[in-house]
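Text of the file start.cif, holding mmCIF, N, CA and C atoms:
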data_entry
loop_
_atom_site.label_atom_id
_atom_site.label_comp_id
_atom_site.auth_asym_id
_atom_site.auth_seq_id
_atom_site.Cartn_x
_atom_site.Cartn_y
_atom_site.Cartn_z
N MET A 1079 -59.80 -12.71 68.74
CA MET A 1079 -59.05 -13.20 67.61
C MET A 1079 -59.73 -12.77 66.31
N ARG A 1080 -61.04 -12.86 66.30
CA ARG A 1080 -61.79 -12.49 65.09
C ARG A 1080 -61.57 -11.01 64.76
N SER A 1081 -61.59 -10.16 65.77
CA SER A 1081 -61.37 -8.72 65.55
C SER A 1081 -60.00 -8.48 64.92
N CYS A 1082 -59.00 -9.15 65.43
CA CYS A 1082 -57.65 -9.00 64.88
C CYS A 1082 -57.59 -9.48 63.43
N ALA A 1083 -58.22 -10.61 63.15
CA ALA A 1083 -58.22 -11.15 61.78
C ALA A 1083 -58.89 -10.17 60.82
N GLU A 1084 -59.99 -9.59 61.25
CA GLU A 1084 -60.68 -8.63 60.39
C GLU A 1084 -59.84 -7.38 60.14
N VAL A 1085 -59.22 -6.88 61.19
CA VAL A 1085 -58.39 -5.67 61.04
C VAL A 1085 -57.18 -5.97 60.16
N LEU A 1086 -56.58 -7.12 60.31
CA LEU A 1086 -55.46 -7.49 59.43
C LEU A 1086 -55.91 -7.51 57.98
N ARG A 1087 -57.08 -8.05 57.73
CA ARG A 1087 -57.59 -8.09 56.36
C ARG A 1087 -57.83 -6.68 55.83
N LEU A 1088 -58.43 -5.83 56.64
CA LEU A 1088 -58.69 -4.45 56.21
C LEU A 1088 -57.39 -3.69 55.96
N LEU A 1089 -56.41 -3.90 56.82
CA LEU A 1089 -55.12 -3.22 56.64
C LEU A 1089 -54.42 -3.69 55.38
N ALA A 1090 -54.57 -4.96 55.04
CA ALA A 1090 -53.95 -5.49 53.83
C ALA A 1090 -54.52 -4.84 52.57
N GLN A 1091 -55.72 -4.34 52.65
CA GLN A 1091 -56.38 -3.72 51.49
C GLN A 1091 -56.03 -2.23 51.35
N ARG A 1092 -55.35 -1.68 52.32
CA ARG A 1092 -55.04 -0.25 52.29
C ARG A 1092 -53.76 0.01 51.51
N PRO A 1093 -53.76 1.05 50.69
CA PRO A 1093 -52.56 1.36 49.91
C PRO A 1093 -51.46 2.06 50.73
N ARG A 1094 -51.86 2.67 51.85
CA ARG A 1094 -50.87 3.38 52.68
C ARG A 1094 -51.38 3.46 54.12
N ILE A 1095 -50.49 3.88 55.00
CA ILE A 1095 -50.86 4.04 56.41
C ILE A 1095 -51.38 5.46 56.62
N ASP A 1096 -52.68 5.57 56.78
CA ASP A 1096 -53.30 6.87 57.05
C ASP A 1096 -53.76 6.90 58.51
N ASP A 1097 -54.51 7.92 58.88
CA ASP A 1097 -54.96 8.05 60.27
C ASP A 1097 -55.79 6.85 60.72
N GLU A 1098 -56.69 6.39 59.86
CA GLU A 1098 -57.51 5.25 60.25
C GLU A 1098 -56.66 3.98 60.39
N ALA A 1099 -55.69 3.82 59.52
CA ALA A 1099 -54.79 2.65 59.63
C ALA A 1099 -53.98 2.72 60.92
N ARG A 1100 -53.60 3.91 61.34
CA ARG A 1100 -52.88 4.06 62.62
C ARG A 1100 -53.78 3.62 63.78
N ASP A 1101 -55.05 4.01 63.71
CA ASP A 1101 -56.01 3.56 64.72
C ASP A 1101 -56.13 2.04 64.71
N MET A 1102 -56.17 1.45 63.53
CA MET A 1102 -56.28 0.00 63.41
C MET A 1102 -55.06 -0.69 64.01
N LEU A 1103 -53.89 -0.15 63.76
CA LEU A 1103 -52.66 -0.73 64.31
C LEU A 1103 -52.68 -0.66 65.84
N ALA A 1104 -53.09 0.46 66.37
CA ALA A 1104 -53.18 0.59 67.83
C ALA A 1104 -54.25 -0.35 68.38
N PHE A 1105 -55.34 -0.50 67.66
CA PHE A 1105 -56.39 -1.44 68.05
C PHE A 1105 -55.83 -2.85 68.15
N LEU A 1106 -54.96 -3.21 67.21
CA LEU A 1106 -54.32 -4.52 67.26
C LEU A 1106 -53.48 -4.67 68.53
N VAL A 1107 -52.76 -3.62 68.89
CA VAL A 1107 -51.95 -3.66 70.11
C VAL A 1107 -52.83 -3.97 71.32
N PHE A 1108 -53.92 -3.23 71.45
CA PHE A 1108 -54.82 -3.45 72.59
C PHE A 1108 -55.42 -4.86 72.58
N ASN A 1109 -55.82 -5.33 71.41
CA ASN A 1109 -56.42 -6.66 71.33
C ASN A 1109 -55.42 -7.77 71.62
N LEU A 1110 -54.23 -7.64 71.10
CA LEU A 1110 -53.20 -8.66 71.37
C LEU A 1110 -52.87 -8.71 72.86
N ARG A 1111 -52.80 -7.55 73.49
CA ARG A 1111 -52.56 -7.52 74.94
C ARG A 1111 -53.71 -8.18 75.70
N ASP A 1112 -54.93 -7.90 75.27
CA ASP A 1112 -56.09 -8.50 75.94
C ASP A 1112 -56.10 -10.02 75.80
N ILE A 1113 -55.71 -10.50 74.63
CA ILE A 1113 -55.64 -11.95 74.43
C ILE A 1113 -54.65 -12.54 75.42
N TYR A 1114 -53.46 -11.93 75.50
CA TYR A 1114 -52.45 -12.48 76.42
C TYR A 1114 -52.92 -12.38 77.87
N ARG A 1115 -53.56 -11.28 78.22
CA ARG A 1115 -54.04 -11.10 79.59
C ARG A 1115 -55.05 -12.21 79.95
N THR A 1116 -55.93 -12.52 79.03
CA THR A 1116 -56.92 -13.58 79.25
C THR A 1116 -56.23 -14.93 79.40
N ILE A 1117 -55.26 -15.19 78.56
CA ILE A 1117 -54.51 -16.45 78.64
C ILE A 1117 -53.76 -16.53 79.96
N ASP A 1118 -53.15 -15.44 80.36
CA ASP A 1118 -52.40 -15.43 81.62
C ASP A 1118 -53.32 -15.68 82.81
N GLU A 1119 -54.52 -15.13 82.77
CA GLU A 1119 -55.49 -15.38 83.85
C GLU A 1119 -55.87 -16.86 83.90
N SER A 1120 -56.06 -17.47 82.74
CA SER A 1120 -56.38 -18.90 82.69
C SER A 1120 -55.20 -19.72 83.21
N ALA A 1121 -53.99 -19.33 82.82
CA ALA A 1121 -52.80 -20.05 83.28
C ALA A 1121 -52.64 -19.91 84.79
N HIS A 1122 -52.98 -18.75 85.30
CA HIS A 1122 -52.90 -18.54 86.75
C HIS A 1122 -53.83 -19.50 87.49
N ALA A 1123 -54.99 -19.75 86.92
CA ALA A 1123 -55.91 -20.72 87.53
C ALA A 1123 -55.28 -22.11 87.57
N TRP A 1124 -54.54 -22.46 86.51
CA TRP A 1124 -53.82 -23.75 86.51
C TRP A 1124 -52.72 -23.75 87.57
N ASP A 1125 -52.03 -22.62 87.70
CA ASP A 1125 -50.97 -22.50 88.72
C ASP A 1125 -51.52 -22.76 90.11
N GLU A 1126 -52.68 -22.20 90.40
CA GLU A 1126 -53.28 -22.35 91.73
C GLU A 1126 -53.64 -23.80 92.04
N ARG A 1127 -53.84 -24.59 91.00
CA ARG A 1127 -54.16 -26.02 91.19
C ARG A 1127 -52.91 -26.89 91.09
N ASN A 1128 -51.74 -26.23 91.07
CA ASN A 1128 -50.45 -26.92 90.97
C ASN A 1128 -50.25 -27.66 89.65
N TYR A 1129 -50.90 -27.20 88.60
CA TYR A 1129 -50.68 -27.72 87.26
C TYR A 1129 -49.76 -26.75 86.52
N TRP A 1130 -48.59 -26.52 87.08
CA TRP A 1130 -47.71 -25.49 86.55
C TRP A 1130 -47.20 -25.82 85.16
N LYS A 1131 -47.05 -27.09 84.82
CA LYS A 1131 -46.61 -27.44 83.46
C LYS A 1131 -47.66 -27.02 82.43
N LYS A 1132 -48.92 -27.28 82.75
CA LYS A 1132 -50.00 -26.87 81.86
C LYS A 1132 -50.06 -25.35 81.76
N ALA A 1133 -49.87 -24.69 82.89
CA ALA A 1133 -49.91 -23.22 82.91
C ALA A 1133 -48.81 -22.64 82.03
N GLU A 1134 -47.61 -23.16 82.18
CA GLU A 1134 -46.49 -22.63 81.39
C GLU A 1134 -46.64 -22.98 79.91
N ALA A 1135 -47.18 -24.16 79.61
CA ALA A 1135 -47.40 -24.52 78.21
C ALA A 1135 -48.41 -23.58 77.57
N LEU A 1136 -49.45 -23.23 78.31
CA LEU A 1136 -50.45 -22.30 77.80
C LEU A 1136 -49.84 -20.92 77.57
N ARG A 1137 -49.08 -20.46 78.53
CA ARG A 1137 -48.42 -19.15 78.37
C ARG A 1137 -47.46 -19.15 77.18
N GLU A 1138 -46.70 -20.21 77.05
CA GLU A 1138 -45.72 -20.30 75.96
C GLU A 1138 -46.42 -20.31 74.60
N LYS A 1139 -47.52 -21.03 74.51
CA LYS A 1139 -48.26 -21.12 73.25
C LYS A 1139 -48.77 -19.75 72.79
N TRP A 1140 -49.12 -18.87 73.74
CA TRP A 1140 -49.70 -17.58 73.41
C TRP A 1140 -48.78 -16.40 73.66
N ARG A 1141 -47.53 -16.66 74.02
CA ARG A 1141 -46.58 -15.57 74.31
C ARG A 1141 -46.40 -14.65 73.11
N TRP A 1142 -46.58 -15.18 71.92
CA TRP A 1142 -46.43 -14.38 70.71
C TRP A 1142 -47.34 -13.15 70.72
N THR A 1143 -48.50 -13.25 71.39
CA THR A 1143 -49.42 -12.11 71.41
C THR A 1143 -48.81 -10.93 72.16
N ARG A 1144 -48.18 -11.22 73.29
CA ARG A 1144 -47.55 -10.14 74.07
C ARG A 1144 -46.36 -9.57 73.32
N THR A 1145 -45.54 -10.45 72.74
CA THR A 1145 -44.37 -10.01 71.98
C THR A 1145 -44.78 -9.17 70.78
N ALA A 1146 -45.79 -9.64 70.05
CA ALA A 1146 -46.26 -8.89 68.88
C ALA A 1146 -46.84 -7.54 69.28
N ALA A 1147 -47.57 -7.50 70.37
CA ALA A 1147 -48.14 -6.23 70.84
C ALA A 1147 -47.01 -5.25 71.19
N ASP A 1148 -45.98 -5.73 71.86
CA ASP A 1148 -44.86 -4.87 72.23
C ASP A 1148 -44.12 -4.35 71.00
N ARG A 1149 -43.88 -5.24 70.04
CA ARG A 1149 -43.18 -4.83 68.81
C ARG A 1149 -44.00 -3.84 68.01
N LEU A 1150 -45.29 -4.10 67.91
CA LEU A 1150 -46.17 -3.21 67.16
C LEU A 1150 -46.28 -1.85 67.84
N GLU A 1151 -46.35 -1.85 69.16
CA GLU A 1151 -46.41 -0.59 69.89
C GLU A 1151 -45.13 0.22 69.68
N ALA A 1152 -43.98 -0.44 69.72
CA ALA A 1152 -42.71 0.26 69.49
C ALA A 1152 -42.68 0.85 68.08
N LEU A 1153 -43.17 0.12 67.12
CA LEU A 1153 -43.22 0.60 65.74
C LEU A 1153 -44.10 1.85 65.64
N ILE A 1154 -45.23 1.82 66.32
CA ILE A 1154 -46.17 2.95 66.29
C ILE A 1154 -45.55 4.18 66.95
N HIS A 1155 -44.96 4.01 68.13
CA HIS A 1155 -44.38 5.16 68.83
C HIS A 1155 -43.19 5.75 68.07
N ALA A 1156 -42.46 4.91 67.38
CA ALA A 1156 -41.32 5.40 66.60
C ALA A 1156 -41.75 5.91 65.22
N GLU A 1157 -43.04 5.76 64.91
CA GLU A 1157 -43.61 6.18 63.63
C GLU A 1157 -42.86 5.55 62.45
N ARG A 1158 -42.55 4.28 62.59
CA ARG A 1158 -41.88 3.52 61.52
C ARG A 1158 -42.95 2.86 60.64
N TRP A 1159 -43.73 3.67 59.98
CA TRP A 1159 -44.88 3.18 59.22
C TRP A 1159 -44.47 2.28 58.07
N ASN A 1160 -43.27 2.48 57.52
CA ASN A 1160 -42.81 1.62 56.42
C ASN A 1160 -42.55 0.19 56.89
N ASP A 1161 -42.35 -0.01 58.19
CA ASP A 1161 -42.12 -1.35 58.73
C ASP A 1161 -43.42 -2.08 59.06
N ALA A 1162 -44.53 -1.38 59.01
CA ALA A 1162 -45.82 -1.96 59.40
C ALA A 1162 -46.21 -3.16 58.53
N PRO A 1163 -46.10 -3.09 57.20
CA PRO A 1163 -46.52 -4.26 56.40
C PRO A 1163 -45.77 -5.55 56.77
N GLU A 1164 -44.48 -5.45 56.99
CA GLU A 1164 -43.71 -6.64 57.37
C GLU A 1164 -44.17 -7.18 58.72
N MET A 1165 -44.42 -6.29 59.65
CA MET A 1165 -44.90 -6.70 60.97
C MET A 1165 -46.27 -7.38 60.86
N LEU A 1166 -47.13 -6.81 60.06
CA LEU A 1166 -48.47 -7.38 59.89
C LEU A 1166 -48.41 -8.74 59.21
N LEU A 1167 -47.51 -8.88 58.25
CA LEU A 1167 -47.35 -10.19 57.59
C LEU A 1167 -46.90 -11.26 58.57
N SER A 1168 -46.10 -10.87 59.55
CA SER A 1168 -45.64 -11.85 60.53
C SER A 1168 -46.78 -12.33 61.43
N LEU A 1169 -47.85 -11.56 61.51
CA LEU A 1169 -49.01 -11.94 62.32
C LEU A 1169 -49.98 -12.86 61.58
N VAL A 1170 -49.99 -12.80 60.27
CA VAL A 1170 -50.97 -13.54 59.47
C VAL A 1170 -51.03 -15.03 59.81
N PRO A 1171 -49.91 -15.73 59.94
CA PRO A 1171 -49.99 -17.17 60.23
C PRO A 1171 -50.76 -17.50 61.51
N HIS A 1172 -50.74 -16.61 62.47
CA HIS A 1172 -51.45 -16.85 63.73
C HIS A 1172 -52.97 -16.76 63.58
N PHE A 1173 -53.41 -16.17 62.48
CA PHE A 1173 -54.85 -15.98 62.27
C PHE A 1173 -55.38 -16.74 61.06
N GLN A 1174 -54.56 -17.63 60.51
CA GLN A 1174 -54.97 -18.38 59.32
C GLN A 1174 -56.19 -19.26 59.56
N GLY A 1175 -56.38 -19.72 60.75
CA GLY A 1175 -57.51 -20.59 61.04
C GLY A 1175 -58.84 -19.86 61.15
N ILE A 1176 -58.80 -18.55 61.06
CA ILE A 1176 -60.03 -17.76 61.19
C ILE A 1176 -60.46 -17.31 59.78
N THR A 1177 -61.61 -17.76 59.37
CA THR A 1177 -62.13 -17.41 58.06
C THR A 1177 -62.96 -16.13 58.18
N VAL A 1178 -62.57 -15.14 57.42
CA VAL A 1178 -63.30 -13.87 57.41
C VAL A 1178 -64.00 -13.77 56.06
N THR A 1179 -65.28 -14.10 56.05
CA THR A 1179 -66.05 -13.99 54.81
C THR A 1179 -66.71 -12.63 54.67
N SER A 1180 -67.00 -12.02 55.82
CA SER A 1180 -67.54 -10.66 55.80
C SER A 1180 -66.99 -9.91 57.01
N ILE A 1181 -66.86 -8.63 56.84
CA ILE A 1181 -66.35 -7.77 57.90
C ILE A 1181 -67.52 -7.40 58.82
N THR A 1182 -67.38 -7.73 60.09
CA THR A 1182 -68.45 -7.43 61.05
C THR A 1182 -68.09 -6.27 61.97
N ARG A 1183 -66.84 -5.82 61.91
CA ARG A 1183 -66.41 -4.68 62.72
C ARG A 1183 -66.35 -3.45 61.82
N ASP A 1184 -66.61 -2.29 62.41
CA ASP A 1184 -66.44 -1.05 61.65
C ASP A 1184 -65.56 -0.10 62.43
N ALA A 1185 -65.39 1.08 61.91
CA ALA A 1185 -64.45 2.05 62.49
C ALA A 1185 -64.75 2.38 63.94
N ASP A 1186 -65.98 2.20 64.39
CA ASP A 1186 -66.30 2.46 65.80
C ASP A 1186 -65.44 1.61 66.74
N TRP A 1187 -65.00 0.46 66.27
CA TRP A 1187 -64.20 -0.44 67.10
C TRP A 1187 -62.80 0.11 67.34
N TRP A 1188 -62.22 0.79 66.36
CA TRP A 1188 -60.83 1.24 66.50
C TRP A 1188 -60.66 2.75 66.49
N CYS A 1189 -61.71 3.49 66.28
CA CYS A 1189 -61.63 4.95 66.25
C CYS A 1189 -61.04 5.48 67.57
N GLY A 1190 -59.97 6.24 67.48
CA GLY A 1190 -59.34 6.84 68.65
C GLY A 1190 -58.32 5.94 69.35
N ALA A 1191 -58.10 4.74 68.84
CA ALA A 1191 -57.17 3.82 69.49
C ALA A 1191 -55.73 4.34 69.46
N HIS A 1192 -55.35 4.99 68.38
CA HIS A 1192 -53.98 5.53 68.28
C HIS A 1192 -53.75 6.60 69.35
N ARG A 1193 -54.70 7.48 69.49
CA ARG A 1193 -54.61 8.53 70.51
C ARG A 1193 -54.57 7.92 71.92
N ALA A 1194 -55.38 6.90 72.15
CA ALA A 1194 -55.41 6.23 73.46
C ALA A 1194 -54.07 5.57 73.75
N LEU A 1195 -53.46 4.97 72.74
CA LEU A 1195 -52.15 4.34 72.93
C LEU A 1195 -51.09 5.39 73.24
N GLN A 1196 -51.16 6.54 72.57
CA GLN A 1196 -50.22 7.62 72.85
C GLN A 1196 -50.39 8.14 74.28
N ARG A 1197 -51.62 8.30 74.70
CA ARG A 1197 -51.87 8.77 76.08
C ARG A 1197 -51.35 7.78 77.10
N GLN A 1198 -51.56 6.52 76.83
CA GLN A 1198 -51.08 5.47 77.73
C GLN A 1198 -49.56 5.53 77.85
N ALA A 1199 -48.89 5.76 76.75
CA ALA A 1199 -47.43 5.87 76.77
C ALA A 1199 -46.96 7.10 77.55
N GLN A 1200 -47.69 8.19 77.42
CA GLN A 1200 -47.35 9.40 78.16
C GLN A 1200 -47.51 9.19 79.66
N LYS A 1201 -48.55 8.47 80.06
CA LYS A 1201 -48.75 8.18 81.49
C LYS A 1201 -47.63 7.32 82.04
N LYS A 1202 -47.16 6.37 81.24
CA LYS A 1202 -46.06 5.50 81.67
C LYS A 1202 -44.77 6.29 81.88
N GLN A 1203 -44.56 7.28 81.03
CA GLN A 1203 -43.35 8.10 81.11
C GLN A 1203 -43.39 9.07 82.28
N ALA A 1204 -44.58 9.46 82.69
CA ALA A 1204 -44.72 10.46 83.76
C ALA A 1204 -44.45 9.89 85.14
#
What would you get if you wrote out this structure as structure tokens?
Amino acid sequence: MRSCAEVLRLLAQRPRIDDEARDMLAFLVFNLRDIYRTIDESAHAWDERNYWKKAEALREKWRWTRTAADRLEALIHAERWNDAPEMLLSLVPHFQGITVTSITRDADWWCGAHRALQRQAQKKQA
């Protein structure tokens, strides 16, 4: 969550979508998917104990991460860069509880993420 909050803050400071911003957007896709995957694994543990209501409540609370990742990925693949600011603004409320006083991540965290996302899409199509 912290990584996403930092990247959102950095993207908000950018005047345009350049190559590094594309990497940051793809980085967000990967992180949002990982968040949902972790939540789903936790929910699965509840399912195994027959606490299915708790499991579904947990999944429902965090479903936005999977939906946002899918929407952001579609935006990236369609190269709809003008739609990125609106999409990013829709994510901000989910990260309001995270205070970012200093940036602890650097470009090493997201460098090459856009290319990796493109490769992943090509593998899915093949």
Neighbours of Leu1110 in chain A within 6 Å (all atoms listed in the file; same-chain residues fewer than 6 positions away dropped), as a PyMOL selection string?
chain A and resi 1143-1144+1147
Please return as number ranges by chain: the residues of chain A that backbone DSSP assigns to alpha helix (DSSP H).
A: 1080-1090, 1097-1126, 1130-1155, 1162-1169, 1191-1203
Record the distance separating atom C of Leu1166 in chain A and atom N of Ile1117 in chain A, expressed in Å with one decimal.
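It comes out at 21.5 Å.
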Identify which of the residues A:Asp1118, A:Asp1125, A:Glu1151, A:Glu1134 lies closest to Ala1104 in chain A, counting only N, CA and C atoms when measuring atom-to-atom distances.
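That would be A:Glu1151, the residue with the smallest distance to Ala1104 in chain A.
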In Å, how far is it from CA of Arg1080 in chain A to CA of Arg1197 in chain A?
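Distance between the two atoms: 25.9 Å.
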Point out the residue among A:Arg1137, A:Glu1098, A:Thr1182, A:Lys1201 with the least atom-to-atom distance to Ala1121 in chain A, counting all atoms listed in the file.
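Closest residue, counting all atoms listed in the file: A:Arg1137.
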Could you tell me how far CA of Ala1135 in chain A sits from CA of Phe1105 in chain A, in Å to one decimal place?
26.8 Å
Coordinates of box centre and edge lengths for range 1162-1172 of chain A, 4 Å on every side, axis-aligned, as JSON:
{"center_x": -48.3, "center_y": -9.4, "center_z": 60.1, "size_x": 17.3, "size_y": 24.1, "size_z": 15.3}
Starting from the displayed file, determine the output of the PyMOL selection byres (((chain A and resi 1184 and name CA) around 12) and name CA) and express the residue list as a compact mmCIF listing (two decimals) with N, CA and C atoms, keeping the file's coordinate frame.
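Written output follows (expr.txt):
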# COMPACT_ATOMS: atom_id res chain seq x y z
N SER A 1081 -61.59 -10.16 65.77
CA SER A 1081 -61.37 -8.72 65.55
C SER A 1081 -60.00 -8.48 64.92
N GLU A 1084 -59.99 -9.59 61.25
CA GLU A 1084 -60.68 -8.63 60.39
C GLU A 1084 -59.84 -7.38 60.14
N VAL A 1085 -59.22 -6.88 61.19
CA VAL A 1085 -58.39 -5.67 61.04
C VAL A 1085 -57.18 -5.97 60.16
N LEU A 1088 -58.43 -5.83 56.64
CA LEU A 1088 -58.69 -4.45 56.21
C LEU A 1088 -57.39 -3.69 55.96
N GLU A 1098 -56.69 6.39 59.86
CA GLU A 1098 -57.51 5.25 60.25
C GLU A 1098 -56.66 3.98 60.39
N ASP A 1101 -55.05 4.01 63.71
CA ASP A 1101 -56.01 3.56 64.72
C ASP A 1101 -56.13 2.04 64.71
N MET A 1102 -56.17 1.45 63.53
CA MET A 1102 -56.28 0.00 63.41
C MET A 1102 -55.06 -0.69 64.01
N PHE A 1105 -55.34 -0.50 67.66
CA PHE A 1105 -56.39 -1.44 68.05
C PHE A 1105 -55.83 -2.85 68.15
N SER A 1180 -67.00 -12.02 55.82
CA SER A 1180 -67.54 -10.66 55.80
C SER A 1180 -66.99 -9.91 57.01
N ILE A 1181 -66.86 -8.63 56.84
CA ILE A 1181 -66.35 -7.77 57.90
C ILE A 1181 -67.52 -7.40 58.82
N THR A 1182 -67.38 -7.73 60.09
CA THR A 1182 -68.45 -7.43 61.05
C THR A 1182 -68.09 -6.27 61.97
N ARG A 1183 -66.84 -5.82 61.91
CA ARG A 1183 -66.41 -4.68 62.72
C ARG A 1183 -66.35 -3.45 61.82
N ALA A 1185 -65.39 1.08 61.91
CA ALA A 1185 -64.45 2.05 62.49
C ALA A 1185 -64.75 2.38 63.94
N ASP A 1186 -65.98 2.20 64.39
CA ASP A 1186 -66.30 2.46 65.80
C ASP A 1186 -65.44 1.61 66.74
N TRP A 1187 -65.00 0.46 66.27
CA TRP A 1187 -64.20 -0.44 67.10
C TRP A 1187 -62.80 0.11 67.34
N TRP A 1188 -62.22 0.79 66.36
CA TRP A 1188 -60.83 1.24 66.50
C TRP A 1188 -60.66 2.75 66.49
N CYS A 1189 -61.71 3.49 66.28
CA CYS A 1189 -61.63 4.95 66.25
C CYS A 1189 -61.04 5.48 67.57
Of A:Lys1132, A:Gln1198, A:Val1107, A:His1192, the one sitting nearest Leu1169 in chain A when using only C-alpha atoms is A:Val1107
Nearest residue to Arg1094 in chain A from the set A:Ala1162, A:Ala1123, A:Val1170, A:Ala1199 (distances using only C-alpha atoms):
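Ranking A:Ala1162, A:Ala1123, A:Val1170, A:Ala1199 by distance to Arg1094 in chain A, first place goes to A:Ala1162.
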Pick out the closest residue to Ala1152 in chain A from this set: A:Ser1168, A:His1122, A:Asn1128, A:Leu1195. Count only C-alpha atoms.
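The shortest atom-to-atom distance to Ala1152 in chain A comes from A:Leu1195.
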Between A:Ala1191, A:Thr1179, A:Ala1146, A:Pro1163, which is the closest to Arg1111 in chain A once you count only C-alpha atoms?
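Ranked by minimum distance to Arg1111 in chain A, first place goes to A:Ala1146.
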